[in-house]
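Asks: The structure is given below, and queries will be raised subsequently.
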Number of protein chains: 2
Amino acid sequence: MPTYSDNGPDPSEQDTNLPPPEQHARQYAAVRDAHETELIEDYVELIGDLLDHAGEARATDIAARMGVRQATVARMIRRLNDQGLVTNEPYRSIFLTERGRAMAEESRKRHGVVLQFLRSLGVDDATARIDAEGMEHHVSETTLGIMHAFTRSQNKAGD
Amino acid sequence: MPTYSDNGPDPSEQDTNLPPPEQHARQYAAVRDAHETELIEDYVELIGDLLDHAGEARATDIAARMGVRQATVARMIRRLNDQGLVTNEPYRSIFLTERGRAMAEESRKRHGVVLQFLRSLGVDDATARIDAEGMEHHVSETTLGIMHAFTRSQNKAGD
DNA sequence: AAACTTTTTTAGCCAAGGCTAAACTGTGCA
DNA sequence: TGCACAGTTTAGCCTTGGCTAAAAAAGTTT
Ligand SMILES: [Mn+2]
Ligand SMILES: [Mn+2]
Ligand SMILES: [Mn+2]
Ligand SMILES: [Mn+2]
């Protein structure tokens with residue numbers, strides 16, 4: 001029977017106490033950082049998916065899948081171009097740069113790990129897809145590794 | 001050796017195929033919805049925590065823990081007041097309304113479930129806190145329930 | 001009591017990310 | 001060939017959530 005006496009703080013206390021202010025602030029700062037890159041990553045990932053599955057990435061399709069207006073997409077494409085993630089010429093389809101492809105691949109992989117993890121936890125597909133879309137940007141490398149390992153062990157057990 | 005022939009779509013295909021455009025759009029819409037309420041919830045939750053642990057919630061402390069400037073906090077407090085979540089008088093401490101208390105309690109609970117879940121997955125405390133701060137807003141009720149059940153079963157197994 | 005310090009508030013700047021409306025381009029069909 | 005329609009771009013509006021700077025109130029010290 002384990003005791004926690006000389007094993008760090010009492011775990012029941014760990015929940016009710018606030019972390020020190022600086023650590024607390026770093027938590028929120030990490031969330032703000034994630035939100036800065038989140039949309040960019042989703043656009044790049046989506047463009048990569050469209051290129052792979054539909055052969056080309058048109059603004060109309062991006063708008064339909066993002067659920068926003070074309071004007072919104074047009075401005076975002078300009079921003080992606082400014083950041084060196086896509087190449088595009090007026091009235092033509094959009095392509096990823098080398099950097100864009102790398103980001104798309106990264107995002108696709110991370111998104112997949114989170115989605116599979118939720119599925120192997122027992123979450124239904126539609127819900128898992130919704131939750132993964134938001135969660136993926138807030139999962140650290142550490143947690144991602146643990147999720148991946150968990151998924152693998154689950155799938156091994158159930159084959 | 002299992003076959004997937006009459007068992008729905010081939011699971012290996014489930015990852016590489018895009019969902020239909022309308023479903024895809026709903027995923028991103030859900031993320032946008034979550035982001036609309038996210039900050040509000042974090043403020044209300046933090047104010048509740050400060051009231052419980054420090055006895056009062058001062059703008060300075062909120063700013064320090066949020067990692068933002070006081071001017072930013074001041075404007076957010078006005079917004080919370082407009083939304084009927086807090087009461088505040090000039091140069092005095094901030095209090096939660098009935099609705100505010102309810103939201104704080106909700107958020108606190110949900111945050112706790114996600115944090116405990118990550119811990120029981122094996123994520124270290126500091127990382128779990130950072131990830132939970134962002135993930136909590138993107139976890140559906142369905143997934144939350146599954147996380148809670150998982151945590152309970154883990155803790156039962158390890159006592 | 002006066003002076004100084006801290007806290008709070010207000011005003012105004014900026015970028016991001018939604019929107020509508022209108023102009024422009026390109027394509028396909030009569 | 002010409003024209004209509006679909007797709008794209010641009011201009012300009014709005015809200016959110018950061019920021020700085022400066023004014024005003026409250027609290028503390030001498
Ligand atoms: Mn994604
Ligand atoms: Mn996403
Ligand atoms: Mn949070
Ligand atoms: Mn988020």
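How things are named: the first chain in the structure tokens is A, the next is B, and so on; residues count from 1 in each chain; ligands count from 1 in the order shown.
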Excluding range 75-86 of chain A and residues on its chain fewer than 6 positions from it, collect all residues at most 8 Å away from it, counting only C-alpha atoms (C1' of nucleotides), and give them as a tab-separated table (two decimals) with N, CA and C atoms, in the first residue's frame.
Replies:
chain	number	residue	atom	x	y	z
A	40	ILE	N	-3.37	29.03	-39.79
A	40	ILE	CA	-2.37	28.85	-40.84
A	40	ILE	C	-2.15	27.36	-41.09
A	44	VAL	N	-2.95	25.22	-44.54
A	44	VAL	CA	-1.88	24.53	-45.25
A	44	VAL	C	-2.17	23.03	-45.32
A	94	ILE	N	-3.84	26.82	-56.36
A	94	ILE	CA	-2.83	27.14	-55.35
A	94	ILE	C	-1.92	25.95	-55.14
A	95	PHE	N	-0.62	26.22	-54.97
A	95	PHE	CA	0.34	25.14	-54.72
A	95	PHE	C	1.16	25.43	-53.47
A	96	LEU	N	1.69	24.37	-52.87
A	96	LEU	CA	2.51	24.52	-51.67
A	96	LEU	C	3.98	24.69	-52.06
A	97	THR	N	4.67	25.54	-51.33
A	97	THR	CA	6.13	25.61	-51.45
A	97	THR	C	6.72	24.43	-50.69
A	98	GLU	N	8.05	24.34	-50.73
A	98	GLU	CA	8.73	23.30	-49.97
A	98	GLU	C	8.37	23.41	-48.50
A	99	ARG	N	8.47	24.63	-47.98
A	99	ARG	CA	8.11	24.88	-46.57
A	99	ARG	C	6.65	24.53	-46.32
A	100	GLY	N	5.80	24.88	-47.24
A	100	GLY	CA	4.38	24.58	-47.10
A	100	GLY	C	4.13	23.09	-47.03
A	101	ARG	N	4.82	22.38	-47.92
A	101	ARG	CA	4.66	20.92	-47.90
A	101	ARG	C	5.10	20.34	-46.57
Asks: Could you tell me, counting only C-alpha atoms (C1' of nucleotides) and all ligand atoms, which protein and nucleic acid residues lie no more than 8 Å from ligand 1, written as a list in words?
Replies: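 Checked against 8 Å with only C-alpha atoms (C1' of nucleotides) and all ligand atoms; the hits are Glu41, Asp42, Glu45, Leu46, Ser107, Arg108, His111, Ala132, Glu133, Gly134 and Glu136 of chain A.
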Asks: Hey, can you spit out that residue selection with all heavy atoms as a PDB file, in the first residue's frame?
Replies:
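selection_38.pdb, written as the output of this step:
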ATOM      1  N   GLU A  41      -1.925  26.624 -40.024  1.00  0.00           N
ATOM      2  CA  GLU A  41      -1.667  25.192 -40.147  1.00  0.00           C
ATOM      3  C   GLU A  41      -2.847  24.468 -40.785  1.00  0.00           C
ATOM      4  O   GLU A  41      -2.664  23.595 -41.643  1.00  0.00           O
ATOM      5  CB  GLU A  41      -1.370  24.585 -38.775  1.00  0.00           C
ATOM      6  CG  GLU A  41      -0.010  24.975 -38.221  1.00  0.00           C
ATOM      7  CD  GLU A  41       0.170  24.555 -36.771  1.00  0.00           C
ATOM      8  OE1 GLU A  41      -0.770  23.981 -36.184  1.00  0.00           O
ATOM      9  OE2 GLU A  41       1.253  24.820 -36.210  1.00  0.00           O
ATOM     10  N   ASP A  42      -4.058  24.835 -40.368  1.00  0.00           N
ATOM     11  CA  ASP A  42      -5.228  24.158 -40.920  1.00  0.00           C
ATOM     12  C   ASP A  42      -5.387  24.447 -42.408  1.00  0.00           C
ATOM     13  O   ASP A  42      -5.744  23.555 -43.180  1.00  0.00           O
ATOM     14  CB  ASP A  42      -6.493  24.573 -40.154  1.00  0.00           C
ATOM     15  CG  ASP A  42      -6.636  23.829 -38.833  1.00  0.00           C
ATOM     16  OD1 ASP A  42      -6.016  22.754 -38.691  1.00  0.00           O
ATOM     17  OD2 ASP A  42      -7.350  24.312 -37.940  1.00  0.00           O
ATOM     18  N   GLU A  45      -2.627  22.475 -44.217  1.00  0.00           N
ATOM     19  CA  GLU A  45      -2.973  21.054 -44.186  1.00  0.00           C
ATOM     20  C   GLU A  45      -4.085  20.760 -45.193  1.00  0.00           C
ATOM     21  O   GLU A  45      -4.006  19.784 -45.956  1.00  0.00           O
ATOM     22  CB  GLU A  45      -3.411  20.669 -42.769  1.00  0.00           C
ATOM     23  CG  GLU A  45      -3.686  19.180 -42.581  1.00  0.00           C
ATOM     24  CD  GLU A  45      -4.303  18.879 -41.218  1.00  0.00           C
ATOM     25  OE1 GLU A  45      -4.336  19.786 -40.360  1.00  0.00           O
ATOM     26  OE2 GLU A  45      -4.755  17.735 -41.016  1.00  0.00           O
ATOM     27  N   LEU A  46      -5.098  21.610 -45.198  1.00  0.00           N
ATOM     28  CA  LEU A  46      -6.226  21.402 -46.109  1.00  0.00           C
ATOM     29  C   LEU A  46      -5.789  21.518 -47.566  1.00  0.00           C
ATOM     30  O   LEU A  46      -6.193  20.708 -48.418  1.00  0.00           O
ATOM     31  CB  LEU A  46      -7.334  22.413 -45.803  1.00  0.00           C
ATOM     32  CG  LEU A  46      -8.531  22.420 -46.762  1.00  0.00           C
ATOM     33  CD1 LEU A  46      -9.191  21.049 -46.851  1.00  0.00           C
ATOM     34  CD2 LEU A  46      -9.559  23.475 -46.327  1.00  0.00           C
ATOM     35  N   SER A 107       1.473  18.699 -39.927  1.00  0.00           N
ATOM     36  CA  SER A 107       0.120  18.881 -39.399  1.00  0.00           C
ATOM     37  C   SER A 107      -0.719  17.641 -39.639  1.00  0.00           C
ATOM     38  O   SER A 107      -1.461  17.190 -38.758  1.00  0.00           O
ATOM     39  CB  SER A 107      -0.543  20.088 -40.066  1.00  0.00           C
ATOM     40  OG  SER A 107       0.189  21.263 -39.805  1.00  0.00           O
ATOM     41  N   ARG A 108      -0.592  17.099 -40.842  1.00  0.00           N
ATOM     42  CA  ARG A 108      -1.343  15.904 -41.181  1.00  0.00           C
ATOM     43  C   ARG A 108      -1.022  14.773 -40.205  1.00  0.00           C
ATOM     44  O   ARG A 108      -1.898  14.074 -39.705  1.00  0.00           O
ATOM     45  CB  ARG A 108      -0.991  15.476 -42.612  1.00  0.00           C
ATOM     46  CG  ARG A 108      -1.957  14.487 -43.256  1.00  0.00           C
ATOM     47  CD  ARG A 108      -1.409  13.860 -44.524  1.00  0.00           C
ATOM     48  NE  ARG A 108      -0.139  13.157 -44.391  1.00  0.00           N
ATOM     49  CZ  ARG A 108       0.118  12.148 -43.571  1.00  0.00           C
ATOM     50  NH1 ARG A 108      -0.812  11.719 -42.765  1.00  0.00           N
ATOM     51  NH2 ARG A 108       1.309  11.589 -43.529  1.00  0.00           N
ATOM     52  N   HIS A 111      -2.317  15.631 -36.636  1.00  0.00           N
ATOM     53  CA  HIS A 111      -3.774  15.512 -36.655  1.00  0.00           C
ATOM     54  C   HIS A 111      -4.189  14.035 -36.619  1.00  0.00           C
ATOM     55  O   HIS A 111      -5.097  13.633 -35.887  1.00  0.00           O
ATOM     56  CB  HIS A 111      -4.305  16.193 -37.913  1.00  0.00           C
ATOM     57  CG  HIS A 111      -5.773  16.463 -37.892  1.00  0.00           C
ATOM     58  ND1 HIS A 111      -6.337  17.566 -38.459  1.00  0.00           N
ATOM     59  CD2 HIS A 111      -6.796  15.757 -37.375  1.00  0.00           C
ATOM     60  CE1 HIS A 111      -7.649  17.533 -38.289  1.00  0.00           C
ATOM     61  NE2 HIS A 111      -7.948  16.441 -37.634  1.00  0.00           N
ATOM     62  N   ALA A 132     -10.722  16.377 -32.492  1.00  0.00           N
ATOM     63  CA  ALA A 132      -9.325  16.368 -32.948  1.00  0.00           C
ATOM     64  C   ALA A 132      -8.960  17.669 -33.652  1.00  0.00           C
ATOM     65  O   ALA A 132      -7.851  18.182 -33.483  1.00  0.00           O
ATOM     66  CB  ALA A 132      -9.083  15.188 -33.885  1.00  0.00           C
ATOM     67  N   GLU A 133      -9.892  18.212 -34.410  1.00  0.00           N
ATOM     68  CA  GLU A 133      -9.595  19.432 -35.159  1.00  0.00           C
ATOM     69  C   GLU A 133      -9.173  20.571 -34.245  1.00  0.00           C
ATOM     70  O   GLU A 133      -8.324  21.389 -34.603  1.00  0.00           O
ATOM     71  CB  GLU A 133     -10.817  19.844 -35.989  1.00  0.00           C
ATOM     72  CG  GLU A 133     -10.530  20.906 -37.028  1.00  0.00           C
ATOM     73  CD  GLU A 133      -9.517  20.412 -38.033  1.00  0.00           C
ATOM     74  OE1 GLU A 133      -9.857  19.588 -38.894  1.00  0.00           O
ATOM     75  OE2 GLU A 133      -8.355  20.859 -37.954  1.00  0.00           O
ATOM     76  N   GLY A 134      -9.766  20.641 -33.078  1.00  0.00           N
ATOM     77  CA  GLY A 134      -9.388  21.689 -32.138  1.00  0.00           C
ATOM     78  C   GLY A 134      -8.240  21.301 -31.240  1.00  0.00           C
ATOM     79  O   GLY A 134      -7.338  22.094 -30.967  1.00  0.00           O
ATOM     80  N   GLU A 136      -5.769  19.168 -31.625  1.00  0.00           N
ATOM     81  CA  GLU A 136      -4.459  18.921 -32.234  1.00  0.00           C
ATOM     82  C   GLU A 136      -3.459  20.056 -32.008  1.00  0.00           C
ATOM     83  O   GLU A 136      -2.268  19.807 -31.894  1.00  0.00           O
ATOM     84  CB  GLU A 136      -4.612  18.661 -33.729  1.00  0.00           C
ATOM     85  CG  GLU A 136      -5.318  19.786 -34.453  1.00  0.00           C
ATOM     86  CD  GLU A 136      -5.178  19.714 -35.995  1.00  0.00           C
ATOM     87  OE1 GLU A 136      -4.281  19.011 -36.478  1.00  0.00           O
ATOM     88  OE2 GLU A 136      -5.963  20.376 -36.681  1.00  0.00           O
TER      89      GLU A 136
END
Asks: Apply DSSP to the backbone of this structure and, from chain B, keep only the residues in strand (DSSP E); write these as a ChimeraX atom specification.
Replies: /B:86-88,94-96
Asks: Taking only C-alpha atoms (C1' of nucleotides) and all ligand atoms into account, which residues are within 12 Å of ligand 4, as JSON, numbers by chain?
Replies: {"A": [28, 30, 31, 32, 33, 34, 35, 36, 37, 38, 39, 131, 132, 133, 134, 135, 136, 137, 138, 139], "B": [28, 30, 31, 32, 33, 34, 35, 36, 37, 38, 39, 42, 131, 132, 133, 134, 135, 136, 137, 138, 139]}
Asks: Just list as a ChimeraX atom specification whatever in chain A DSSP marks as alpha helix (DSSP H).
Replies: /A:11-16,21-54,59-66,70-82,98-121,125-135,141-157
Asks: Write the residues you've just listed into a file as an mmCIF file, in the first residue's frame, and include C-alpha atoms for each of them.
Replies:
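The result, written out as again.cif:
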data_model
loop_
_atom_site.group_PDB
_atom_site.id
_atom_site.type_symbol
_atom_site.label_atom_id
_atom_site.label_comp_id
_atom_site.auth_asym_id
_atom_site.auth_seq_id
_atom_site.Cartn_x
_atom_site.Cartn_y
_atom_site.Cartn_z
ATOM 1 C CA PRO A 11 -2.092 14.585 -5.067
ATOM 2 C CA SER A 12 -5.471 15.594 -3.701
ATOM 3 C CA GLU A 13 -3.962 18.994 -3.064
ATOM 4 C CA GLN A 14 -2.497 19.225 -6.537
ATOM 5 C CA ASP A 15 -5.937 19.890 -7.948
ATOM 6 C CA THR A 16 -7.237 22.497 -5.603
ATOM 7 C CA PRO A 21 1.632 33.003 -11.000
ATOM 8 C CA GLU A 22 4.530 32.799 -13.478
ATOM 9 C CA GLN A 23 3.824 29.150 -14.314
ATOM 10 C CA HIS A 24 0.140 29.938 -14.571
ATOM 11 C CA ALA A 25 0.918 32.771 -16.987
ATOM 12 C CA ARG A 26 3.044 30.454 -19.105
ATOM 13 C CA GLN A 27 0.064 28.113 -19.502
ATOM 14 C CA TYR A 28 -2.075 30.835 -21.012
ATOM 15 C CA ALA A 29 0.836 32.129 -23.097
ATOM 16 C CA ALA A 30 1.219 28.667 -24.619
ATOM 17 C CA VAL A 31 -2.456 28.687 -25.572
ATOM 18 C CA ARG A 32 -2.110 32.124 -27.185
ATOM 19 C CA ASP A 33 0.935 30.922 -29.123
ATOM 20 C CA ALA A 34 -0.969 27.905 -30.397
ATOM 21 C CA HIS A 35 -3.836 30.086 -31.544
ATOM 22 C CA GLU A 36 -1.479 32.255 -33.565
ATOM 23 C CA THR A 37 -0.407 29.416 -35.840
ATOM 24 C CA GLU A 38 -3.531 27.295 -35.690
ATOM 25 C CA LEU A 39 -5.468 28.659 -38.656
ATOM 26 C CA ILE A 40 -2.374 28.846 -40.840
ATOM 27 C CA GLU A 41 -1.667 25.192 -40.147
ATOM 28 C CA ASP A 42 -5.228 24.158 -40.920
ATOM 29 C CA TYR A 43 -5.205 26.006 -44.239
ATOM 30 C CA VAL A 44 -1.877 24.525 -45.252
ATOM 31 C CA GLU A 45 -2.973 21.054 -44.186
ATOM 32 C CA LEU A 46 -6.226 21.402 -46.109
ATOM 33 C CA ILE A 47 -4.475 22.644 -49.246
ATOM 34 C CA GLY A 48 -2.140 19.670 -49.050
ATOM 35 C CA ASP A 49 -5.084 17.301 -48.673
ATOM 36 C CA LEU A 50 -6.885 18.847 -51.631
ATOM 37 C CA LEU A 51 -3.782 18.631 -53.801
ATOM 38 C CA ASP A 52 -3.421 14.963 -52.890
ATOM 39 C CA HIS A 53 -7.057 13.956 -53.200
ATOM 40 C CA ALA A 54 -8.515 16.292 -55.799
ATOM 41 C CA ALA A 59 -10.350 28.806 -53.542
ATOM 42 C CA THR A 60 -13.988 27.689 -53.865
ATOM 43 C CA ASP A 61 -13.264 24.267 -52.446
ATOM 44 C CA ILE A 62 -11.188 25.680 -49.629
ATOM 45 C CA ALA A 63 -14.012 28.071 -48.757
ATOM 46 C CA ALA A 64 -16.591 25.268 -48.825
ATOM 47 C CA ARG A 65 -14.525 22.989 -46.603
ATOM 48 C CA MET A 66 -13.494 25.752 -44.219
ATOM 49 C CA GLN A 70 -14.294 33.206 -50.571
ATOM 50 C CA ALA A 71 -13.195 36.715 -49.682
ATOM 51 C CA THR A 72 -11.914 35.342 -46.389
ATOM 52 C CA VAL A 73 -9.997 32.625 -48.201
ATOM 53 C CA ALA A 74 -8.542 35.066 -50.730
ATOM 54 C CA ARG A 75 -7.009 37.196 -48.008
ATOM 55 C CA MET A 76 -5.680 34.158 -46.167
ATOM 56 C CA ILE A 77 -4.062 32.873 -49.369
ATOM 57 C CA ARG A 78 -2.274 36.198 -49.706
ATOM 58 C CA ARG A 79 -1.034 35.815 -46.145
ATOM 59 C CA LEU A 80 0.173 32.262 -46.808
ATOM 60 C CA ASN A 81 1.971 33.570 -49.887
ATOM 61 C CA ASP A 82 3.566 36.382 -47.857
ATOM 62 C CA GLU A 98 8.728 23.295 -49.972
ATOM 63 C CA ARG A 99 8.110 24.879 -46.574
ATOM 64 C CA GLY A 100 4.383 24.582 -47.101
ATOM 65 C CA ARG A 101 4.657 20.921 -47.903
ATOM 66 C CA ALA A 102 6.714 20.350 -44.769
ATOM 67 C CA MET A 103 4.142 22.122 -42.610
ATOM 68 C CA ALA A 104 1.277 20.235 -44.253
ATOM 69 C CA GLU A 105 3.001 16.927 -43.606
ATOM 70 C CA GLU A 106 3.700 17.802 -39.973
ATOM 71 C CA SER A 107 0.120 18.881 -39.399
ATOM 72 C CA ARG A 108 -1.343 15.904 -41.181
ATOM 73 C CA LYS A 109 0.718 13.543 -39.062
ATOM 74 C CA ARG A 110 -0.100 15.233 -35.763
ATOM 75 C CA HIS A 111 -3.774 15.512 -36.655
ATOM 76 C CA GLY A 112 -3.788 11.804 -37.473
ATOM 77 C CA VAL A 113 -2.217 10.795 -34.182
ATOM 78 C CA VAL A 114 -4.802 12.738 -32.197
ATOM 79 C CA LEU A 115 -7.693 11.435 -34.277
ATOM 80 C CA GLN A 116 -6.590 7.812 -33.988
ATOM 81 C CA PHE A 117 -6.005 8.249 -30.296
ATOM 82 C CA LEU A 118 -9.544 9.492 -29.736
ATOM 83 C CA ARG A 119 -10.907 6.626 -31.816
ATOM 84 C CA SER A 120 -8.948 4.053 -29.888
ATOM 85 C CA LEU A 121 -10.243 5.602 -26.649
ATOM 86 C CA ASP A 125 -15.774 8.894 -35.603
ATOM 87 C CA ALA A 126 -17.767 12.102 -36.124
ATOM 88 C CA THR A 127 -17.121 13.336 -32.584
ATOM 89 C CA ALA A 128 -13.469 12.324 -32.756
ATOM 90 C CA ARG A 129 -13.036 14.344 -35.942
ATOM 91 C CA ILE A 130 -14.550 17.465 -34.393
ATOM 92 C CA ASP A 131 -12.572 17.199 -31.164
ATOM 93 C CA ALA A 132 -9.325 16.368 -32.948
ATOM 94 C CA GLU A 133 -9.595 19.432 -35.159
ATOM 95 C CA GLY A 134 -9.388 21.689 -32.138
ATOM 96 C CA MET A 135 -7.273 19.602 -29.786
ATOM 97 C CA GLU A 141 5.224 16.647 -28.367
ATOM 98 C CA THR A 142 5.362 14.824 -25.053
ATOM 99 C CA THR A 143 1.655 14.144 -24.978
ATOM 100 C CA LEU A 144 1.609 13.338 -28.681
ATOM 101 C CA GLY A 145 4.179 10.600 -28.112
ATOM 102 C CA ILE A 146 2.147 9.148 -25.272
ATOM 103 C CA MET A 147 -1.020 9.217 -27.358
ATOM 104 C CA HIS A 148 0.731 7.480 -30.215
ATOM 105 C CA ALA A 149 2.055 4.756 -27.927
ATOM 106 C CA PHE A 150 -1.374 4.275 -26.398
ATOM 107 C CA THR A 151 -3.009 3.909 -29.803
ATOM 108 C CA ARG A 152 -0.439 1.372 -30.932
ATOM 109 C CA SER A 153 -0.893 -0.723 -27.812
ATOM 110 C CA GLN A 154 -4.682 -0.622 -28.178
ATOM 111 C CA ASN A 155 -4.576 -1.676 -31.799
ATOM 112 C CA LYS A 156 -2.131 -4.465 -31.037
ATOM 113 C CA ALA A 157 -4.409 -5.756 -28.294
#
Asks: Closest to chain C among A:Val123, A:Val68, A:Leu18, A:Ala57, using only C-alpha atoms (C1' of nucleotides)?
Replies: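 The answer is A:Val68, which sits nearest to chain C.
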Asks: Taking only C-alpha atoms (C1' of nucleotides) into account, which of A:Arg58, A:Gly67, A:Pro20, A:Tyr91 comes nearest chain C?
Replies: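 Closest to chain C of all the choices is A:Tyr91.
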Asks: Kindly determine which residues of chain C lie within 9 Å of chain B, considering only C-alpha atoms (C1' of nucleotides), and give the answer as a CSV table (one decimal) with all heavy atoms, in the first residue's frame.
Replies:
chain,number,residue,atom,x,y,z
C,7,DT,P,0.2,46.9,-7.0
C,7,DT,OP1,0.0,45.7,-6.2
C,7,DT,OP2,1.1,46.8,-8.2
C,7,DT,O5',-1.2,47.5,-7.5
C,7,DT,C5',-2.1,47.9,-6.4
C,7,DT,C4',-3.3,48.6,-7.1
C,7,DT,O4',-2.9,49.8,-7.6
C,7,DT,C3',-3.9,47.8,-8.3
C,7,DT,O3',-5.2,47.5,-8.0
C,7,DT,C2',-3.7,48.7,-9.5
C,7,DT,C1',-3.6,50.1,-8.8
C,7,DT,N1,-2.8,51.1,-9.5
C,7,DT,C2,-3.4,52.4,-9.8
C,7,DT,O2,-4.6,52.6,-9.5
C,7,DT,N3,-2.6,53.3,-10.4
C,7,DT,C4,-1.3,53.1,-10.8
C,7,DT,O4,-0.7,54.0,-11.4
C,7,DT,C5,-0.7,51.8,-10.5
C,7,DT,C7,0.7,51.5,-10.9
C,7,DT,C6,-1.5,50.9,-9.9
C,8,DT,P,-6.2,46.7,-9.0
C,8,DT,OP1,-7.2,46.0,-8.1
C,8,DT,OP2,-5.3,45.9,-9.8
C,8,DT,O5',-6.9,47.8,-9.8
C,8,DT,C5',-7.7,48.8,-9.2
C,8,DT,C4',-8.1,49.9,-10.2
C,8,DT,O4',-6.9,50.6,-10.6
C,8,DT,C3',-8.8,49.3,-11.4
C,8,DT,O3',-10.1,49.7,-11.4
C,8,DT,C2',-7.9,49.9,-12.6
C,8,DT,C1',-7.2,51.0,-11.9
C,8,DT,N1,-5.9,51.4,-12.5
C,8,DT,C2,-5.7,52.7,-13.0
C,8,DT,O2,-6.5,53.5,-13.0
C,8,DT,N3,-4.4,52.9,-13.5
C,8,DT,C4,-3.4,52.0,-13.6
C,8,DT,O4,-2.3,52.3,-14.0
C,8,DT,C5,-3.6,50.7,-13.0
C,8,DT,C7,-2.6,49.6,-13.1
C,8,DT,C6,-4.9,50.5,-12.5
C,9,DT,P,-11.1,49.3,-12.6
C,9,DT,OP1,-12.5,49.3,-12.0
C,9,DT,OP2,-10.6,48.1,-13.3
C,9,DT,O5',-10.9,50.6,-13.6
C,9,DT,C5',-11.2,51.9,-13.1
C,9,DT,C4',-10.9,52.9,-14.2
C,9,DT,O4',-9.4,52.8,-14.4
C,9,DT,C3',-11.5,52.7,-15.5
C,9,DT,O3',-12.4,53.7,-15.8
C,9,DT,C2',-10.3,52.6,-16.5
C,9,DT,C1',-9.2,53.2,-15.7
C,9,DT,N1,-7.8,52.7,-16.1
C,9,DT,C2,-6.9,53.6,-16.6
C,9,DT,O2,-7.1,54.7,-16.8
C,9,DT,N3,-5.6,53.0,-16.8
C,9,DT,C4,-5.3,51.7,-16.6
C,9,DT,O4,-4.1,51.3,-16.9
C,9,DT,C5,-6.3,50.8,-16.1
C,9,DT,C7,-6.0,49.4,-15.8
C,9,DT,C6,-7.5,51.4,-15.8
C,10,DT,P,-13.3,53.7,-17.1
C,10,DT,OP1,-14.5,54.5,-16.7
C,10,DT,OP2,-13.5,52.3,-17.5
C,10,DT,O5',-12.5,54.5,-18.2
C,10,DT,C5',-12.0,55.8,-17.9
C,10,DT,C4',-11.1,56.2,-19.0
C,10,DT,O4',-9.8,55.6,-18.9
C,10,DT,C3',-11.7,56.0,-20.4
C,10,DT,O3',-11.8,57.3,-21.0
C,10,DT,C2',-10.6,55.1,-21.1
C,10,DT,C1',-9.4,55.4,-20.2
C,10,DT,N1,-8.4,54.3,-20.2
C,10,DT,C2,-7.1,54.6,-20.5
C,10,DT,O2,-6.7,55.6,-20.9
C,10,DT,N3,-6.2,53.5,-20.4
C,10,DT,C4,-6.5,52.2,-20.0
C,10,DT,O4,-5.7,51.3,-19.9
C,10,DT,C5,-7.9,52.0,-19.7
C,10,DT,C7,-8.4,50.6,-19.2
C,10,DT,C6,-8.8,53.0,-19.8
Asks: Hey, list the chain D side of the contact with chain B: 8 Å cut-off, only C-alpha atoms (C1' of nucleotides), answer as a ChimeraX atom specification.
Replies: /D:17-18,25-26
Asks: Mind pulling up the distance from C1' of DT29 in chain D to CA of Ser93 in chain B?
Replies: 23.9 Å
Asks: In Å, rounded to a single decimal, give me how far atom 1 (Mn, counted along the ligand's line) of ligand 3 is from CA of Gly122 in chain A.
Replies: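 Here the two named atoms are 24.1 Å from each other.
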Asks: Tell me, in Å to one decimal, how far C1' of DC19 in chain C is from C1' of DT15 in chain D.
Replies: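 Value for the C1' of DC19 in chain C-C1' of DT15 in chain D distance: 10.8 Å.
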